[in-house]
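K.L.:
For reference, this is input-v6.txt, and it has compact mmCIF, C-alpha atoms.
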# COMPACT_ATOMS: atom_id res chain seq x y z
CA MET A 1 -231.65 4.95 -102.10
CA LYS A 2 -232.05 5.31 -105.85
CA PHE A 3 -230.36 1.93 -106.37
CA TYR A 4 -232.89 0.16 -104.16
CA ARG A 5 -235.78 1.81 -105.97
CA VAL A 6 -234.42 0.60 -109.32
CA LEU A 7 -233.89 -2.90 -107.89
CA PHE A 8 -237.43 -2.98 -106.54
CA LEU A 9 -238.87 -1.99 -109.91
CA TYR A 10 -236.74 -4.64 -111.62
CA LEU A 11 -238.02 -7.38 -109.31
CA LEU A 12 -241.60 -6.18 -109.67
CA ILE A 13 -241.50 -6.26 -113.46
CA PHE A 14 -239.46 -9.39 -114.14
CA CYS A 15 -240.21 -11.57 -111.12
CA TYR A 16 -243.92 -10.92 -111.07
CA SER A 17 -245.82 -9.98 -114.15
CA PRO A 18 -249.00 -11.71 -115.23
CA LEU A 19 -248.43 -10.61 -118.79
CA SER A 20 -245.16 -12.59 -118.91
CA ASN A 21 -247.11 -15.86 -118.68
CA ALA A 22 -248.32 -17.75 -121.71
CA TYR A 23 -251.74 -19.06 -122.60
CA THR A 24 -252.31 -22.33 -124.44
CA THR A 25 -255.02 -23.69 -126.73
CA PHE A 26 -255.87 -27.15 -128.02
CA ALA A 27 -258.40 -28.39 -130.58
CA SER A 28 -259.18 -31.83 -131.94
CA ALA A 29 -261.77 -33.17 -134.38
CA GLY A 30 -262.51 -36.71 -135.45
CA ALA A 31 -264.90 -38.40 -137.86
CA LYS A 32 -265.42 -42.13 -138.08
CA VAL A 33 -267.51 -44.68 -139.95
CA GLY A 34 -268.04 -48.05 -138.32
CA GLY A 35 -268.41 -48.67 -134.62
CA HIS A 36 -271.22 -48.13 -132.19
CA SER A 37 -272.95 -44.85 -131.44
CA TYR A 38 -271.73 -44.49 -127.86
CA PRO A 39 -268.58 -46.49 -127.21
CA GLU A 40 -267.79 -47.14 -123.58
CA PRO A 41 -266.38 -46.10 -121.22
CA SER A 42 -266.23 -42.60 -122.71
CA PRO A 43 -268.38 -41.57 -125.67
CA TYR A 44 -265.82 -38.88 -126.51
CA THR A 45 -262.99 -41.37 -127.07
CA VAL A 46 -263.88 -42.81 -130.47
CA LEU A 47 -260.51 -43.99 -131.76
CA PRO A 48 -259.15 -44.72 -134.24
CA PHE A 49 -260.80 -42.09 -136.39
CA THR A 50 -261.22 -42.53 -140.11
CA ASP A 51 -260.26 -38.87 -140.37
CA GLY A 52 -258.89 -36.74 -137.55
CA GLN A 53 -256.89 -33.64 -136.79
CA THR A 54 -255.35 -32.08 -133.68
CA ASP A 55 -253.92 -28.60 -133.24
CA SER A 56 -252.23 -26.96 -130.25
CA HIS A 57 -250.51 -23.62 -129.77
CA THR A 58 -248.93 -21.34 -127.22
CA ASN A 59 -250.10 -17.73 -127.41
CA ALA A 60 -252.22 -18.50 -130.49
CA VAL A 61 -255.63 -19.96 -131.31
CA SER A 62 -256.13 -23.57 -132.39
CA HIS A 63 -258.45 -25.07 -135.01
CA ALA A 64 -259.22 -28.64 -136.08
CA TYR A 65 -261.50 -30.13 -138.73
CA ALA A 66 -262.43 -33.66 -139.80
CA SER A 67 -264.80 -35.15 -142.37
CA VAL A 68 -265.54 -38.62 -143.69
CA TYR A 69 -267.92 -39.65 -146.46
CA ASP A 70 -268.85 -43.18 -147.49
CA GLN A 71 -271.43 -44.45 -149.98
CA GLY A 72 -272.43 -47.54 -151.90
CA PHE A 73 -274.10 -47.50 -155.32
CA ASP A 74 -277.02 -49.73 -156.25
CA ALA A 75 -278.73 -49.27 -159.63
CA ASN A 76 -281.68 -51.34 -158.45
CA THR A 77 -282.77 -48.78 -155.85
CA GLU A 78 -284.84 -45.67 -156.43
CA SER A 79 -282.10 -43.36 -155.20
CA GLY A 80 -279.27 -45.13 -156.95
CA TYR A 81 -277.54 -45.80 -153.62
CA SER A 82 -277.65 -48.70 -151.22
CA TYR A 83 -276.38 -46.43 -148.44
CA ARG A 84 -274.71 -43.08 -147.79
CA ARG A 85 -273.16 -41.90 -144.53
CA GLN A 86 -271.10 -38.91 -143.45
CA ALA A 87 -269.63 -37.38 -140.31
CA ILE A 88 -268.19 -33.88 -139.83
CA ALA A 89 -266.50 -32.33 -136.79
CA SER A 90 -264.70 -29.08 -136.02
CA ALA A 91 -263.31 -27.26 -132.99
CA ASP A 92 -261.85 -23.82 -132.27
CA ALA A 93 -260.09 -22.81 -129.06
CA SER A 94 -259.08 -19.36 -127.86
CA PRO A 95 -258.99 -17.71 -124.40
CA GLY A 96 -262.50 -17.50 -123.02
CA ILE A 97 -264.19 -18.69 -126.24
CA LEU A 98 -264.61 -22.34 -127.19
CA LYS A 99 -266.45 -23.65 -130.25
CA ALA A 100 -267.23 -27.22 -131.27
CA TYR A 101 -269.44 -28.84 -133.90
CA ALA A 102 -270.24 -32.43 -134.82
CA SER A 103 -272.75 -34.03 -137.16
CA ALA A 104 -273.42 -37.56 -138.32
CA GLY A 105 -275.96 -39.01 -140.71
CA TYR A 106 -276.80 -41.94 -142.94
CA PHE A 107 -279.33 -42.94 -145.57
CA LEU A 108 -280.30 -46.54 -146.40
CA ASP A 109 -282.07 -47.63 -149.55
CA GLY A 110 -280.61 -50.98 -150.52
CA PRO A 111 -281.29 -54.57 -149.49
CA ASN A 112 -277.67 -55.26 -148.57
CA PRO A 113 -276.25 -52.39 -146.51
CA PRO A 114 -272.89 -52.82 -144.71
CA ASN A 115 -272.94 -54.78 -141.47
CA ASN A 116 -271.81 -51.86 -139.33
CA LEU A 117 -273.60 -48.60 -140.02
CA GLY A 118 -272.14 -46.55 -137.17
CA VAL A 119 -270.95 -43.03 -138.00
CA VAL A 120 -269.56 -40.64 -135.38
CA GLY A 121 -268.25 -37.06 -135.22
CA VAL A 122 -266.40 -35.64 -132.19
CA GLY A 123 -265.07 -32.13 -131.53
CA ASN A 124 -262.99 -30.95 -128.55
CA ALA A 125 -261.65 -27.48 -127.63
CA GLU A 126 -259.56 -26.44 -124.59
CA PHE A 127 -257.58 -23.47 -123.32
CA THR A 128 -255.51 -22.39 -120.31
CA ASP A 129 -254.70 -18.87 -119.17
CA THR A 130 -253.79 -16.89 -116.05
CA PHE A 131 -255.14 -13.68 -114.61
CA SER A 132 -254.55 -11.37 -111.66
CA ILE A 133 -256.72 -8.95 -109.73
CA PHE A 134 -255.07 -5.82 -108.42
CA SER A 135 -256.44 -4.68 -105.08
CA SER A 136 -255.33 -3.39 -101.69
CA LYS A 137 -257.10 -6.37 -100.07
CA PHE A 138 -255.71 -9.87 -99.59
CA PHE A 139 -258.80 -11.56 -101.07
CA VAL A 140 -261.46 -10.26 -103.45
CA ASP A 141 -264.79 -11.60 -104.66
CA ILE A 142 -265.28 -12.26 -108.36
CA ASN A 143 -268.16 -13.50 -110.49
CA ILE A 144 -267.43 -16.46 -112.76
CA GLU A 145 -269.67 -17.96 -115.44
CA TYR A 146 -269.56 -20.87 -117.88
CA HIS A 147 -272.09 -20.00 -120.55
CA LEU A 148 -273.16 -22.85 -122.81
CA SER A 149 -275.62 -22.53 -125.68
CA GLY A 150 -276.30 -24.53 -128.80
CA SER A 151 -278.55 -27.22 -130.22
CA LEU A 152 -278.71 -31.01 -130.12
CA GLN A 153 -280.48 -33.42 -132.42
CA GLY A 154 -280.63 -37.20 -132.37
CA LEU A 155 -277.86 -39.17 -130.66
CA ALA A 156 -275.80 -36.18 -129.58
CA LYS A 157 -274.07 -35.02 -126.41
CA VAL A 158 -272.14 -32.02 -125.14
CA LYS A 159 -270.08 -31.43 -122.03
CA GLY A 160 -267.84 -28.61 -120.88
CA GLY A 161 -266.26 -27.07 -117.85
CA LEU A 162 -264.44 -24.21 -116.17
CA ARG A 163 -261.63 -24.54 -113.62
CA ILE A 164 -260.12 -21.70 -111.59
CA SER A 165 -257.21 -22.42 -109.26
CA SER A 166 -254.81 -20.52 -106.97
CA TYR A 167 -252.66 -21.42 -104.00
CA ALA A 168 -255.72 -21.00 -101.78
CA ASN A 169 -258.44 -22.98 -103.54
CA THR A 170 -259.75 -24.61 -106.72
CA PHE A 171 -263.22 -24.06 -108.16
CA ASN A 172 -264.93 -26.18 -110.83
CA ILE A 173 -268.11 -25.70 -112.85
CA ASN A 174 -269.00 -28.56 -115.21
CA ALA A 175 -271.91 -28.72 -117.63
CA SER A 176 -273.45 -31.52 -119.68
CA GLU A 177 -276.44 -32.01 -121.92
CA ALA A 178 -277.84 -34.74 -124.15
CA PHE A 179 -280.79 -34.80 -126.51
CA ALA A 180 -282.88 -36.70 -123.97
CA SER A 181 -281.44 -34.91 -120.91
CA PRO A 182 -281.64 -31.17 -120.19
CA LEU A 183 -278.62 -29.03 -119.39
CA GLN A 184 -277.27 -29.76 -115.92
CA PHE A 185 -274.30 -28.55 -113.86
CA ASP A 186 -271.91 -30.34 -111.54
CA CYS A 187 -269.82 -28.04 -109.33
CA SER A 188 -267.09 -28.47 -106.73
CA SER A 189 -268.15 -28.57 -103.08
CA ASN A 190 -266.81 -25.06 -102.38
CA ILE A 191 -269.40 -23.55 -104.75
CA SER A 192 -272.63 -23.18 -102.81
CA SER A 193 -275.07 -22.78 -105.70
CA CYS A 194 -274.33 -25.17 -108.54
CA THR A 195 -275.33 -23.35 -111.70
CA GLY A 196 -273.39 -21.90 -114.57
CA LYS A 197 -272.69 -18.84 -112.43
CA ALA A 198 -270.96 -18.45 -109.05
CA THR A 199 -269.34 -15.84 -106.81
CA ILE A 200 -266.01 -16.95 -105.37
CA SER A 201 -263.19 -15.44 -103.31
CA VAL A 202 -259.66 -15.46 -104.74
CA PRO A 203 -256.33 -13.97 -103.63
CA ALA A 204 -255.52 -10.52 -104.94
CA ASN A 205 -252.22 -9.60 -106.61
CA TRP A 206 -251.55 -13.22 -107.45
CA ASP A 207 -251.42 -15.31 -110.60
CA ILE A 208 -254.61 -17.39 -110.83
CA SER A 209 -254.92 -20.15 -113.40
CA ILE A 210 -258.03 -20.63 -115.50
CA SER A 211 -258.88 -23.40 -117.93
CA GLY A 212 -261.93 -24.40 -119.92
CA PHE A 213 -263.03 -27.18 -122.23
CA LEU A 214 -265.88 -28.08 -124.57
CA GLU A 215 -266.60 -31.48 -126.13
CA VAL A 216 -269.38 -32.52 -128.50
CA LEU A 217 -270.39 -35.84 -130.02
CA ALA A 218 -272.91 -36.76 -132.70
CA ALA A 219 -273.59 -40.35 -133.74
CA ALA A 220 -275.97 -42.19 -136.05
CA ASN A 221 -276.47 -45.93 -135.71
CA THR A 222 -279.56 -48.11 -136.09
CA ASP A 223 -280.88 -51.42 -137.29
CA PRO A 224 -280.27 -51.62 -141.07
CA ASN A 225 -283.58 -53.45 -141.51
CA THR A 226 -285.54 -50.29 -140.63
CA HIS A 227 -284.32 -48.49 -143.77
CA LYS A 228 -284.80 -45.08 -142.17
CA TYR A 229 -282.86 -41.85 -142.28
CA GLY A 230 -280.49 -41.30 -139.38
CA ASP A 231 -279.18 -37.88 -138.42
CA ALA A 232 -277.49 -36.42 -135.37
CA LEU A 233 -276.23 -32.92 -134.68
CA ALA A 234 -274.34 -31.17 -131.88
CA ASN A 235 -274.10 -27.56 -133.01
CA PHE A 236 -272.13 -25.56 -130.48
CA GLY A 237 -270.18 -23.62 -133.07
CA ASN A 238 -270.62 -20.28 -131.30
CA THR A 239 -271.11 -21.32 -127.78
CA ALA A 240 -268.97 -21.78 -124.69
CA ARG A 241 -268.06 -18.41 -123.21
CA ILE A 242 -266.23 -17.91 -119.94
CA PHE A 243 -266.74 -14.68 -118.04
CA ILE A 244 -264.87 -13.25 -115.03
CA SER A 245 -265.68 -9.93 -113.41
CA PRO A 246 -264.91 -8.37 -110.01
CA VAL A 247 -267.81 -7.82 -107.65
CA ASP A 248 -266.24 -4.48 -106.75
CA PRO A 249 -265.82 -2.54 -110.02
CA ARG A 250 -262.89 -0.66 -108.52
CA ASN A 251 -260.80 -3.82 -108.80
CA ARG A 252 -259.08 -4.57 -112.09
CA ILE A 253 -258.57 -7.95 -113.75
CA VAL A 254 -255.59 -8.45 -116.09
CA SER A 255 -255.14 -11.70 -118.02
CA SER A 256 -251.91 -13.06 -119.47
CA SER A 257 -253.51 -13.41 -122.89
CA GLY A 258 -254.86 -9.86 -122.81
CA PHE A 259 -258.37 -11.23 -123.31
CA ASN A 260 -261.12 -9.33 -121.51
CA TYR A 261 -263.19 -11.94 -119.67
CA SER A 262 -265.71 -9.40 -118.39
CA PRO A 263 -269.21 -9.55 -119.91
CA VAL A 264 -269.52 -6.76 -122.46
CA PRO A 265 -272.77 -4.79 -121.98
CA LEU A 266 -274.76 -3.59 -124.94
CA PRO A 267 -273.68 -0.10 -126.02
CA ALA A 268 -275.96 2.79 -125.18
CA SER A 269 -276.59 3.36 -128.88
CA ILE A 270 -278.40 0.01 -129.06
CA TRP A 271 -280.85 1.08 -126.37
CA LEU A 272 -281.33 4.49 -128.01
CA PHE A 273 -282.00 2.81 -131.33
CA GLY A 274 -284.50 0.46 -129.69
CA SER A 275 -286.29 3.36 -128.01
CA ALA A 276 -286.47 5.30 -131.27
CA LEU A 277 -287.76 2.25 -133.13
CA MET A 278 -290.43 1.67 -130.49
CA GLY A 279 -291.46 5.31 -130.77
CA LEU A 280 -291.84 5.04 -134.54
CA VAL A 281 -293.91 1.87 -134.22
CA THR A 282 -296.17 3.49 -131.60
CA ARG A 283 -296.60 6.60 -133.72
CA PHE A 284 -297.45 4.50 -136.77
CA CYS A 285 -300.09 2.55 -134.86
CA ILE A 286 -301.69 5.72 -133.47
CA THR A 287 -301.74 7.37 -136.91
CA ARG A 288 -303.26 4.27 -138.49
CA LYS A 289 -305.89 4.06 -135.76
CA ASN A 290 -306.89 7.73 -136.21
CA SER A 291 -307.12 7.34 -139.98
CA ASN A 292 -309.51 4.40 -139.61
CA THR A 293 -311.86 6.26 -137.27
With the file now loaded, output its structure as structure tokens.
P.N.:
Amino acid sequence: MKFYRVLFLYLLIFCYSPLSNAYTTFASAGAKVGGHSYPEPSPYTVLPFTDGQTDSHTNAVSHAYASVYDQGFDANTESGYSYRRQAIASADASPGILKAYASAGYFLDGPNPPNNLGVVGVGNAEFTDTFSIFSSKFFVDINIEYHLSGSLQGLAKVKGGLRISSYANTFNINASEAFASPLQFDCSSNISSCTGKATISVPANWDISISGFLEVLAAANTDPNTHKYGDALANFGNTARIFISPVDPRNRIVSSSGFNYSPVPLPASIWLFGSALMGLVTRFCITRKNSNT
């Protein structure tokens, strides 16, 4: 009997253990001068880059950075330049947290600028992970969220997404935004309300895969005869967060990476500090009012 108990524990630990799985990260950044602002078919495929970097890891974070700077001197202009242009891009990828930044800009002041003034920056971050939910039930409900925040300026775009998959089903939440278009979501048909948040049902005591991505693009390109400044910015450097939490708090989620995907509430001390501060402000106003009467 003791032998079978030991064998059962061995199989439980080594044949099924979410912590034995690996998570992966990927980051790429590219900066380019020349070319159009939004190449087709995909504005995020702007190759070849003048400067580019890719980074990928297993069980570690990834980071990429790219920068290109180009200028032409002209002593006959007020600024001393005929043109200046620069693009910068960066990306960071870790479980549940994706960051990407891109900027592009140019300045024209000469009569003979280069024929192609395009300048583009692109950043891309991705990760994959697995998690399990321990419960006595076969299926459990969980809340998932793809939270996207940042700023866009000029010819800039951002898109991102969350994918959760098991043997039973696959769920997708995709987000996109451009400077002229507000943030919008595109979800798989098995998500009833297509927003950045959803409640889904997944199998308990089973490895469930999760992946996320974030891509940004900033481009500056215009008619050289206008002699205007051109700037674009996609600042999502502290942005895409992916949250997972059980609807029933008695259930427990364990990820392979060890990352806690649950939203972290503000500590009670923050609320106490806010209450105390509000009390001091109220007392000050009352005292000032009494002194003036």
K.L.:
Which residues come within 9 Å of Ser151 (chain A), counting all atoms listed in the file, excluding same-chain residues fewer than 5 positions away, as a ChimeraX atom specification?
P.N.:
/A:179,233-236
K.L.:
At a cut-off of 6 Å, using all atoms listed in the file, what residues contact Phe139 (chain A)? Leave out same-chain residues fewer than 4 positions from it and give the result as a PDB file with C-alpha atoms, in the coordinates of the input.
P.N.:
ATOM      1  CA  VAL A 202    -259.660 -15.460-104.740  1.00  0.00           C
ATOM      2  CA  PRO A 203    -256.330 -13.970-103.630  1.00  0.00           C
ATOM      3  CA  ALA A 204    -255.520 -10.520-104.940  1.00  0.00           C
TER       4      ALA A 204
END
K.L.:
Please report the interatomic distance between CA of Ile242 (chain A) and CA of Asp92 (chain A) in Å with one decimal.
P.N.:
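Between CA of Ile242 (chain A) and CA of Asp92 (chain A) the gap works out to 14.4 Å.
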K.L.:
From the list A:Lys99, A:His63, A:Arg85, A:Arg241, which residue is nearest Ile144 (chain A) when using all atoms listed in the file?
P.N.:
A:Arg241
K.L.:
Any idea what the distance is between CA of Ser132 (chain A) and CA of Asp55 (chain A)?
P.N.:
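CA of Asp55 (chain A) lies 27.6 Å from CA of Ser132 (chain A).
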K.L.:
Could you work out how far CA of Glu177 (chain A) lies from CA of Ala31 (chain A), giving the answer in Å with one decimal?
P.N.:
20.7 Å
K.L.:
Report, as JSON, the axis-aligned box around all atoms of region 150-163 of chain A present in the file, extended by 3 Å on each side; give centre and edge lengths in Å to one decimal place.
P.N.:
{"center_x": -271.1, "center_y": -31.7, "center_z": -123.0, "size_x": 25.0, "size_y": 21.0, "size_z": 24.8}
K.L.:
Which of these, A:Gly212, A:Pro249, A:Gly52, A:Gly150, has the shortest distance to Ala89 (chain A) once you count only C-alpha atoms?
P.N.:
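Selected residue with least distance to Ala89 (chain A): A:Gly52.
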K.L.:
Give me the residues near Asp129 (chain A) as a PDB file with C-alpha atoms, in the coordinates of the input, where near means some atom within 7 Å (using only C-alpha atoms) and where sequence neighbours in that chain fewer than 6 positions away do not count.
P.N.:
ATOM      1  CA  ALA A  22    -248.320 -17.750-121.710  1.00  0.00           C
ATOM      2  CA  TYR A  23    -251.740 -19.060-122.600  1.00  0.00           C
ATOM      3  CA  THR A  24    -252.310 -22.330-124.440  1.00  0.00           C
ATOM      4  CA  PRO A  95    -258.990 -17.710-124.400  1.00  0.00           C
ATOM      5  CA  SER A 209    -254.920 -20.150-113.400  1.00  0.00           C
ATOM      6  CA  ILE A 210    -258.030 -20.630-115.500  1.00  0.00           C
ATOM      7  CA  SER A 211    -258.880 -23.400-117.930  1.00  0.00           C
ATOM      8  CA  SER A 256    -251.910 -13.060-119.470  1.00  0.00           C
ATOM      9  CA  SER A 257    -253.510 -13.410-122.890  1.00  0.00           C
TER      10      SER A 257
END
K.L.:
Find the residues of region 171-235 of chain A that sit at most 8 Å from region 118-128 of chain A; for each, write down the nearest two atoms and how far apart they are in Å, to one decimal. Count only C-alpha atoms. Sort by chain, then by number going up, and give it as a Markdown table.
P.N.:
| residue | atom | partner | partner_atom | distance |
| --- | --- | --- | --- | --- |
| A:Ser209 | CA | A:Thr128 | CA | 7.3 |
| A:Ile210 | CA | A:Thr128 | CA | 5.7 |
| A:Ser211 | CA | A:Thr128 | CA | 4.2 |
| A:Gly212 | CA | A:Phe127 | CA | 5.6 |
| A:Phe213 | CA | A:Glu126 | CA | 4.3 |
| A:Leu214 | CA | A:Ala125 | CA | 5.3 |
| A:Glu215 | CA | A:Asn124 | CA | 4.4 |
| A:Val216 | CA | A:Gly123 | CA | 5.3 |
| A:Leu217 | CA | A:Val122 | CA | 4.5 |
| A:Ala218 | CA | A:Gly121 | CA | 5.3 |
| A:Ala219 | CA | A:Val120 | CA | 4.4 |
| A:Ala220 | CA | A:Val119 | CA | 5.5 |
| A:Asn221 | CA | A:Gly118 | CA | 4.6 |
| A:Thr222 | CA | A:Gly118 | CA | 7.7 |
K.L.:
Could those selected residues go to a file with C-alpha atoms, as a PDB file, keeping the file's coordinate frame?
P.N.:
ATOM      1  CA  SER A 209    -254.920 -20.150-113.400  1.00  0.00           C
ATOM      2  CA  ILE A 210    -258.030 -20.630-115.500  1.00  0.00           C
ATOM      3  CA  SER A 211    -258.880 -23.400-117.930  1.00  0.00           C
ATOM      4  CA  GLY A 212    -261.930 -24.400-119.920  1.00  0.00           C
ATOM      5  CA  PHE A 213    -263.030 -27.180-122.230  1.00  0.00           C
ATOM      6  CA  LEU A 214    -265.880 -28.080-124.570  1.00  0.00           C
ATOM      7  CA  GLU A 215    -266.600 -31.480-126.130  1.00  0.00           C
ATOM      8  CA  VAL A 216    -269.380 -32.520-128.500  1.00  0.00           C
ATOM      9  CA  LEU A 217    -270.390 -35.840-130.020  1.00  0.00           C
ATOM     10  CA  ALA A 218    -272.910 -36.760-132.700  1.00  0.00           C
ATOM     11  CA  ALA A 219    -273.590 -40.350-133.740  1.00  0.00           C
ATOM     12  CA  ALA A 220    -275.970 -42.190-136.050  1.00  0.00           C
ATOM     13  CA  ASN A 221    -276.470 -45.930-135.710  1.00  0.00           C
ATOM     14  CA  THR A 222    -279.560 -48.110-136.090  1.00  0.00           C
TER      15      THR A 222
END
K.L.:
Calculated over all atoms listed in the file, which of the candidates A:Ser90, A:Thr58, A:Tyr69, A:Tyr81 has the smallest distance to Ala29 (chain A)?
P.N.:
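Closest to Ala29 (chain A), using all atoms listed in the file: A:Ser90.
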